[in-house]
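Participant: Next up, my_file05.cif (mmCIF, C-alpha atoms).
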```cif
data_work
loop_
_atom_site.label_atom_id
_atom_site.label_comp_id
_atom_site.auth_asym_id
_atom_site.auth_seq_id
_atom_site.Cartn_x
_atom_site.Cartn_y
_atom_site.Cartn_z
CA MET A 1 226.20 288.92 211.23
CA THR A 2 225.18 287.93 214.72
CA ASP A 3 221.94 286.93 216.40
CA GLU A 4 221.50 290.34 217.99
CA SER A 5 218.85 291.27 215.43
CA GLY A 6 215.99 290.96 217.93
CA GLY A 7 215.52 294.68 218.52
CA LEU A 8 216.25 295.81 214.96
CA ASP A 9 213.64 296.87 212.41
CA SER A 10 213.91 295.97 208.73
CA GLY A 11 215.70 299.26 207.94
CA ASP A 12 218.43 298.50 210.50
CA ARG A 13 218.73 294.95 209.21
CA ALA A 14 219.03 296.16 205.61
CA ARG A 15 221.71 298.67 206.63
CA ILE A 16 223.73 296.02 208.46
CA ALA A 17 223.28 293.72 205.46
CA GLN A 18 224.50 296.46 203.11
CA GLN A 19 227.65 296.81 205.26
CA PHE A 20 228.07 293.04 204.98
CA ILE A 21 227.68 293.18 201.17
CA ASP A 22 230.07 296.16 200.95
CA SER A 23 232.70 294.09 202.76
CA ILE A 24 232.62 291.59 199.85
CA PRO A 25 234.93 293.00 197.16
CA HIS A 26 233.18 291.26 194.26
CA ALA A 27 229.70 292.35 195.37
CA ARG A 28 231.00 295.92 195.65
CA ALA A 29 232.65 295.66 192.23
CA LEU A 30 229.28 294.76 190.73
CA GLY A 31 227.52 297.61 192.58
CA MET A 32 225.15 295.35 194.52
CA ARG A 33 222.51 296.93 196.75
CA VAL A 34 220.49 295.17 199.48
CA ASP A 35 216.85 296.13 198.97
CA ASP A 36 215.33 293.83 201.57
CA LEU A 37 216.51 291.16 203.97
CA GLY A 38 215.23 289.01 206.81
CA GLU A 39 213.76 285.67 207.91
CA GLY A 40 215.67 283.65 205.30
CA ARG A 41 214.70 285.93 202.40
CA ALA A 42 216.80 288.46 200.50
CA THR A 43 216.34 290.94 197.67
CA ILE A 44 219.53 292.32 196.10
CA SER A 45 219.81 294.40 192.93
CA MET A 46 222.59 295.78 190.73
CA PRO A 47 222.82 298.22 187.82
CA TRP A 48 223.49 297.33 184.18
CA SER A 49 226.98 298.31 183.10
CA GLU A 50 228.96 298.29 179.84
CA HIS A 51 231.81 296.14 181.19
CA LEU A 52 229.40 293.35 182.25
CA VAL A 53 228.12 292.77 178.72
CA GLY A 54 228.37 289.22 177.35
CA ASP A 55 227.19 289.92 173.82
CA PRO A 56 228.30 293.30 172.40
CA ARG A 57 225.80 292.96 169.55
CA THR A 58 222.84 293.13 171.92
CA GLY A 59 224.26 294.75 175.10
CA ILE A 60 222.87 291.89 177.20
CA VAL A 61 224.90 291.20 180.36
CA HIS A 62 226.80 287.92 180.59
CA GLY A 63 225.08 284.97 182.27
CA GLY A 64 227.94 284.87 184.77
CA VAL A 65 226.89 288.27 186.13
CA VAL A 66 223.41 286.90 186.85
CA SER A 67 225.07 283.88 188.52
CA ALA A 68 227.14 286.15 190.77
CA LEU A 69 224.06 288.17 191.78
CA MET A 70 221.95 285.05 192.47
CA ASP A 71 224.79 283.41 194.43
CA THR A 72 225.27 286.50 196.61
CA CYS A 73 221.52 286.85 197.14
CA CYS A 74 221.16 283.18 198.15
CA GLY A 75 224.11 283.53 200.56
CA ALA A 76 222.52 286.62 202.13
CA ALA A 77 219.20 284.75 202.52
CA VAL A 78 221.02 281.92 204.35
CA MET A 79 222.74 284.40 206.68
CA SER A 80 219.41 286.09 207.48
CA HIS A 81 217.75 282.79 208.47
CA PRO A 82 216.38 282.87 212.05
CA SER A 83 218.70 279.97 213.00
CA SER A 84 221.61 282.45 212.59
CA PRO A 85 224.31 280.44 210.79
CA ARG A 86 227.81 281.73 211.48
CA SER A 87 228.86 281.54 207.83
CA THR A 88 227.87 279.92 204.55
CA ALA A 89 229.32 278.67 201.25
CA THR A 90 227.73 277.42 198.06
CA ILE A 91 227.54 273.62 197.66
CA ASP A 92 225.74 273.66 194.32
CA LEU A 93 223.80 276.14 192.27
CA ARG A 94 221.69 275.48 189.20
CA ILE A 95 220.60 278.40 187.06
CA ASP A 96 218.09 278.32 184.20
CA TYR A 97 218.13 281.27 181.84
CA MET A 98 214.74 282.24 180.41
CA ARG A 99 215.88 285.33 178.49
CA GLY A 100 218.51 288.04 178.40
CA ALA A 101 218.18 290.93 180.88
CA ALA A 102 217.21 294.13 179.03
CA PRO A 103 220.25 296.41 178.47
CA GLY A 104 220.29 299.48 180.71
CA GLN A 105 217.88 298.06 183.28
CA ARG A 106 218.60 297.11 186.92
CA ILE A 107 218.68 293.40 187.65
CA THR A 108 217.02 292.28 190.88
CA ALA A 109 217.42 288.88 192.52
CA ARG A 110 215.06 287.51 195.15
CA ALA A 111 216.13 284.45 197.14
CA GLU A 112 214.29 282.35 199.68
CA CYS A 113 215.72 279.77 202.06
CA TYR A 114 212.78 277.31 201.98
CA HIS A 115 214.36 274.62 204.13
CA MET A 116 217.17 274.53 206.69
CA THR A 117 218.84 271.58 208.37
CA ARG A 118 221.69 271.56 210.91
CA SER A 119 224.28 271.91 208.18
CA VAL A 120 222.55 272.50 204.83
CA ALA A 121 220.32 275.31 203.54
CA PHE A 122 218.02 274.83 200.51
CA LEU A 123 217.43 277.88 198.34
CA ARG A 124 215.28 279.09 195.47
CA ALA A 125 215.90 282.35 193.66
CA VAL A 126 214.64 284.37 190.73
CA ALA A 127 216.28 287.19 188.76
CA LEU A 128 214.20 289.96 187.18
CA ASP A 129 214.78 293.12 185.17
CA GLU A 130 212.28 296.01 185.14
CA ASP A 131 209.70 293.73 183.49
CA GLY A 132 208.88 291.97 186.74
CA ASP A 133 206.38 289.57 185.15
CA ASN A 134 208.88 287.73 182.96
CA PRO A 135 211.82 286.28 184.91
CA VAL A 136 215.30 286.55 183.41
CA ALA A 137 216.49 283.45 185.25
CA THR A 138 215.62 281.10 188.09
CA ALA A 139 217.99 279.26 190.41
CA ALA A 140 217.95 276.39 192.87
CA GLY A 141 220.84 275.77 195.21
CA THR A 142 222.17 274.21 198.36
CA PHE A 143 224.47 276.07 200.74
CA THR A 144 226.42 275.08 203.84
CA ALA A 145 225.14 276.44 207.15
CA GLU A 146 228.05 276.62 209.50
CA ARG A 147 227.15 276.71 213.18
CA GLN A 148 229.33 277.54 216.19
CA ALA A 149 232.91 276.31 216.12
CA ARG A 150 233.13 272.59 216.86
CA MET B 1 241.56 269.59 152.57
CA MET B 2 244.36 270.13 155.11
CA ASP B 3 247.51 271.50 153.50
CA ARG B 4 250.39 269.55 154.98
CA ASN B 5 252.89 272.13 153.81
CA GLU B 6 251.10 275.24 155.02
CA PRO B 7 253.70 277.47 156.72
CA LEU B 8 253.70 277.00 160.51
CA ASP B 9 253.60 280.70 161.32
CA GLN B 10 250.54 281.11 159.09
CA ILE B 11 248.74 278.30 160.94
CA LYS B 12 249.58 279.77 164.35
CA THR B 13 248.61 283.28 163.32
CA ARG B 14 245.26 282.10 161.99
CA ARG B 15 244.41 280.13 165.14
CA ASP B 16 245.72 282.67 167.62
CA SER B 17 243.98 285.62 166.01
CA ALA B 18 240.69 283.72 165.82
CA LEU B 19 240.98 282.81 169.50
CA ARG B 20 241.87 286.40 170.40
CA ALA B 21 238.86 287.67 168.46
CA LEU B 22 236.61 285.21 170.29
CA ALA B 23 238.03 286.00 173.74
CA THR B 24 238.30 289.79 173.48
CA GLY B 25 234.84 290.21 171.95
CA VAL B 26 233.17 289.81 175.35
CA PRO B 27 233.57 292.85 177.68
CA TYR B 28 232.73 290.84 180.83
CA MET B 29 235.55 288.35 180.13
CA THR B 30 238.02 291.20 179.76
CA TRP B 31 236.79 292.77 183.00
CA LEU B 32 237.28 289.50 184.91
CA GLY B 33 240.74 289.19 183.30
CA ILE B 34 240.10 285.77 181.74
CA ARG B 35 242.49 284.68 178.97
CA PHE B 36 243.07 281.47 177.04
CA ASP B 37 246.11 279.32 176.50
CA ARG B 38 246.03 277.19 173.32
CA ARG B 39 247.84 273.94 172.46
CA GLY B 40 246.59 272.81 169.04
CA ASP B 41 242.83 272.94 169.47
CA GLU B 42 242.99 272.41 173.26
CA LEU B 43 242.10 275.49 175.28
CA THR B 44 242.85 276.24 178.92
CA ALA B 45 241.14 279.24 180.47
CA ILE B 46 243.14 281.24 183.00
CA LEU B 47 241.60 283.48 185.68
CA PRO B 48 244.42 285.53 187.24
CA PHE B 49 243.68 286.33 190.88
CA ASP B 50 242.52 289.86 191.64
CA ASP B 51 241.10 291.49 194.79
CA LYS B 52 237.82 292.28 193.08
CA LEU B 53 237.15 288.54 192.69
CA ILE B 54 236.95 287.97 196.46
CA GLY B 55 233.64 286.79 197.88
CA ASN B 56 234.72 286.00 201.43
CA PRO B 57 237.28 288.53 202.73
CA ALA B 58 237.79 286.65 206.02
CA LEU B 59 239.36 283.53 204.44
CA PRO B 60 239.90 285.04 201.77
CA ALA B 61 238.12 283.06 199.03
CA ILE B 62 237.05 283.69 195.45
CA HIS B 63 233.35 284.59 195.08
CA GLY B 64 231.13 281.62 194.15
CA GLY B 65 229.58 283.76 191.44
CA VAL B 66 233.00 284.42 189.92
CA THR B 67 233.70 280.68 189.90
CA ALA B 68 230.36 280.10 188.14
CA ALA B 69 231.08 282.87 185.65
CA PHE B 70 234.57 281.52 184.95
CA LEU B 71 233.18 278.03 184.27
CA GLU B 72 230.39 279.40 182.08
CA VAL B 73 232.74 281.58 180.05
CA THR B 74 235.08 278.62 179.53
CA ALA B 75 232.20 276.39 178.40
CA ILE B 76 230.87 278.98 175.93
CA ILE B 77 234.28 279.75 174.40
CA GLU B 78 235.18 276.04 174.09
CA LEU B 79 231.82 275.31 172.46
CA SER B 80 232.12 278.22 170.05
CA TRP B 81 235.77 277.37 169.32
CA SER B 82 235.07 273.71 168.58
CA ALA B 83 232.02 274.63 166.46
CA MET B 84 234.05 277.04 164.30
CA TRP B 85 237.24 274.94 164.06
CA GLU B 86 236.41 273.32 160.70
CA ASP B 87 235.41 276.62 159.10
CA LEU B 88 238.51 278.29 160.52
CA GLU B 89 240.93 275.63 159.30
CA SER B 90 239.38 275.47 155.83
CA GLY B 91 239.55 279.25 155.49
CA ARG B 92 235.77 279.70 155.19
CA ILE B 93 235.89 282.18 158.08
CA ALA B 94 238.64 284.47 159.38
CA PRO B 95 237.52 285.99 162.70
CA ASP B 96 239.08 289.36 163.39
CA ALA B 97 238.77 291.22 166.71
CA ALA B 98 238.51 294.53 164.83
CA VAL B 99 235.49 293.32 162.82
CA PRO B 100 232.82 292.10 165.29
CA ASP B 101 230.62 290.77 162.47
CA SER B 102 233.38 288.40 161.35
CA LEU B 103 232.80 286.33 164.50
CA PRO B 104 230.17 283.62 164.71
CA ARG B 105 227.38 284.39 167.21
CA LEU B 106 227.93 282.83 170.65
CA PRO B 107 225.81 279.95 172.00
CA LYS B 108 223.19 280.95 174.60
CA THR B 109 223.11 279.31 178.02
CA ILE B 110 219.89 277.40 178.73
CA GLY B 111 220.86 275.93 182.10
CA PHE B 112 224.08 275.75 184.08
CA THR B 113 224.74 273.66 187.20
CA VAL B 114 227.84 274.25 189.29
CA ASP B 115 229.24 271.93 191.98
CA TYR B 116 231.52 273.73 194.41
CA LEU B 117 234.15 271.25 195.57
CA ARG B 118 236.75 273.40 197.33
CA SER B 119 236.82 277.07 198.24
CA GLY B 120 238.69 279.21 195.71
CA LEU B 121 242.08 280.26 197.06
CA PRO B 122 243.46 283.76 196.46
CA ARG B 123 245.56 282.62 193.48
CA ASP B 124 245.15 281.94 189.74
CA ALA B 125 242.54 279.43 188.60
CA TYR B 126 242.41 277.30 185.45
CA ALA B 127 239.58 275.62 183.59
CA ARG B 128 239.05 273.24 180.70
CA ALA B 129 235.76 272.35 179.04
CA ARG B 130 234.72 269.27 177.09
CA VAL B 131 231.87 269.32 174.59
CA VAL B 132 229.97 266.17 175.56
CA ARG B 133 227.35 266.47 172.86
CA SER B 134 227.02 268.99 170.09
CA GLY B 135 223.93 268.95 167.90
CA ARG B 136 222.55 271.42 165.38
CA ARG B 137 220.35 273.11 167.96
CA TYR B 138 221.47 272.00 171.44
CA ALA B 139 224.83 271.24 173.04
CA SER B 140 225.94 269.84 176.39
CA VAL B 141 229.28 270.84 177.91
CA HIS B 142 231.17 269.68 181.00
CA VAL B 143 233.78 271.98 182.53
CA GLU B 144 236.30 271.64 185.36
CA ALA B 145 238.25 274.29 187.27
CA TRP B 146 241.27 273.86 189.50
CA GLN B 147 244.08 275.88 191.07
CA ASP B 148 247.31 274.28 192.21
CA ASN B 149 246.63 270.65 191.34
CA ARG B 150 244.82 269.46 188.22
CA ALA B 151 243.41 266.48 190.13
CA ARG B 152 242.05 268.57 193.01
CA LEU B 153 239.12 270.36 191.43
CA MET B 154 237.89 273.66 192.80
CA ALA B 155 234.55 273.29 190.94
CA GLN B 156 232.88 271.52 188.04
CA ALA B 157 229.80 272.32 186.01
CA THR B 158 227.50 270.99 183.31
CA GLY B 159 225.67 273.32 180.99
CA HIS B 160 223.16 273.09 178.18
CA PHE B 161 223.36 275.61 175.38
CA LEU B 162 221.30 276.79 172.44
CA MET B 163 223.49 276.90 169.33
CA PRO B 164 223.37 280.00 167.12
CA GLN B 165 221.24 279.31 164.04
CA PRO B 166 222.70 280.16 160.63
#
```
The structure in this file should be written as structure tokens.
Facilitator:
Amino acid sequence: MTDESGGLDSGDRARIAQQFIDSIPHARALGMRVDDLGEGRATISMPWSEHLVGDPRTGIVHGGVVSALMDTCCGAAVMSHPSSPRSTATIDLRIDYMRGAAPGQRITARAECYHMTRSVAFLRAVALDEDGDNPVATAAGTFTAERQAR
Amino acid sequence: MMDRNEPLDQIKTRRDSALRALATGVPYMTWLGIRFDRRGDELTAILPFDDKLIGNPALPAIHGGVTAAFLEVTAIIELSWSAMWEDLESGRIAPDAAVPDSLPRLPKTIGFTVDYLRSGLPRDAYARARVVRSGRRYASVHVEAWQDNRARLMAQATGHFLMPQP
């Protein structure tokens, strides 16, 4: 993603972001969809699926799936920051699980880059199922913000 | 309690089938391709490289979420394995992949913190977990993942888990 986003509306930005997500094999494998993106914030969702289940007795998806969604969403939020980092990678990510995501429901992650330095981005994220009032998980992370080639 | 003269093949069959039941009972683990190598009670998780694990196609590098999932899976299986070891060896339980109810319920993740130390190369990854503290209700587990060199970690994590209640 480049800094040419000046003349683009949110629909254009979301479409470009979806192309970016589709270029990531693992995000595509999980069926991720960019619902909103811009100004250091991202909303990405994915469908429930049988092969992502962590506990066959309940049909609840594995915690690792939620991690992958939150990590991708945080990375997208970093890339959409107005300071236009060239690329990003996770430094650390902490996830707290409040409850299992309801089987059959979409999982939506919302991430916010609440602080940015020259080389580090600070992120907060939340994961929800269709009961938007009771979070499935929350996350806090730091990501690299790589600038122009040195 | 331990029978010194128990036939070796019986011991190996018991342990290997219990481990297989534990590892194949989780669809997501099968989808990622994770399997376990066992030496006595020591487990090593193996994540064979696959294109669908890529998070950065330009490098390419394994997706950070996959790394987190791999570490979490390894921690949960190690915790469950170490918690059931006594019951398994004494014959009180005999987990069988074909009978899901024969398996103990898995611990639930409360919190999981991953440190990313090196980007994941497009090749197999390995992980080993250590149960730091295991109580009746809560447990704490540390887990490390690497690729080519055991001493050059790709990532490490600490997790807290809620143990299944009898």
Participant: Could you give me, as an MDAnalysis selection string, the residues within 12 Å of Arg130 of chain B, counting only C-alpha atoms and dropping anything in the same chain fewer than 3 positions from it?
Facilitator: chainID B and resid 41:44 71 74:82 127 133:134 139:145 156:159
Participant: Hey, what comes out of the PyMOL selection byres ((chain B) within 8 of (chain A)) on this file? Could you write it as a VMD selection string?
Facilitator: chain B and resid 25 to 29 31 51 to 57 63 to 66 68 to 70 72 to 73 106 109 to 117
Participant: Name the closest residue to Thr43 of chain A among the candidates A:Ala101, A:Thr144, A:Arg124, A:Ala77; distances are taken between atoms, counting all atoms listed in the file.
Facilitator: A:Ala77
Participant: Would you kindly return, as a ChimeraX atom specification, each protein, DNA or RNA residue with an atom no farther than 12 Å from any atom of Arg136 of chain B, considering only C-alpha atoms and excluding same-chain residues fewer than 4 positions away?
Facilitator: /B:83,107,140,161-166
Participant: Tell me which protein, DNA and RNA residues are within 7 Å of Pro135 of chain A, counting only C-alpha atoms, leaving out same-chain ones fewer than 5 positions away, and put them as a PyMOL selection string.
Facilitator: chain A and resi 98+126-128
Participant: Quick one: pull the distance between atom CA of Ala42 of chain A and atom CA of Arg118 of chain A, Å, one decimal.
Facilitator: 20.4 Å
Participant: Using all atoms listed in the file, find the one residue out of A:Asp36, A:Glu130, A:Glu146, A:Glu112 that sits nearest to Ser84 of chain A.
Facilitator: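 Looking only at the distances to Ser84 of chain A, the closest residue turns out to be A:Glu146.
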Participant: Given the file shown, enumerate the residues that the PyMOL selection byres ((chain A and resi 129) around 10) captures and present them as an MDAnalysis selection string.
Facilitator: chainID A and resid 45:48 100:109 127:128 130:137
Participant: Run through the PyMOL selection byres ((chain B and resi 146) around 9) on the given coordinates and return the selected residues as a PyMOL selection string.
Facilitator: chain B and resi 120+124-127+144-145+147-156
Participant: Could you jot down the atom CA of Arg123 of chain B to atom CA of Pro60 of chain B separation for me, Å, one decimal place?
Facilitator: 10.3 Å
Participant: Kindly give the distance, in Å, that separates atom CA of Phe122 of chain A and atom CA of His160 of chain B, rounded to a single decimal.
Facilitator: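 Distance reported for this atom pair: 23.0 Å.
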Participant: For Glu39 of chain A, which residue out of A:Gln148, A:Gln19, A:Thr58, A:Met116 is the nearest one, using all atoms listed in the file?
Facilitator: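 Closest to Glu39 of chain A, using all atoms listed in the file: A:Met116.
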Participant: Just want the 9 Å neighbourhood of Thr24 of chain B, counted on only C-alpha atoms, with same-chain residues fewer than 6 positions away dropped. Output as a ChimeraX atom specification.
Facilitator: /B:30,35,97
Participant: Write the residues of the selection above to a file with C-alpha atoms, as a PDB file, keeping the file's coordinate frame.
Facilitator:
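Written out: result.pdb:
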```pdb
ATOM      1  CA  THR B  30     238.020 291.200 179.760  1.00  0.00           C
ATOM      2  CA  ARG B  35     242.490 284.680 178.970  1.00  0.00           C
ATOM      3  CA  ALA B  97     238.770 291.220 166.710  1.00  0.00           C
TER       4      ALA B  97
END
```
Participant: Within 12 Å of Gln10 of chain B, counting only C-alpha atoms, which residues show up once you throw out same-chain ones fewer than 6 positions away? Write them as a count of residues only, please.
Facilitator: 5
Participant: Put a box with edges along x, y and z around all the listed atoms of segment 115-124 of chain A, pad it by 3 Å on each side, then give me its centre and sizes in Å, one decimal, as JSON.
Facilitator:
```
{"center_x": 219.3, "center_y": 275.3, "center_z": 203.2, "size_x": 15.9, "size_y": 13.5, "size_z": 21.4}
```
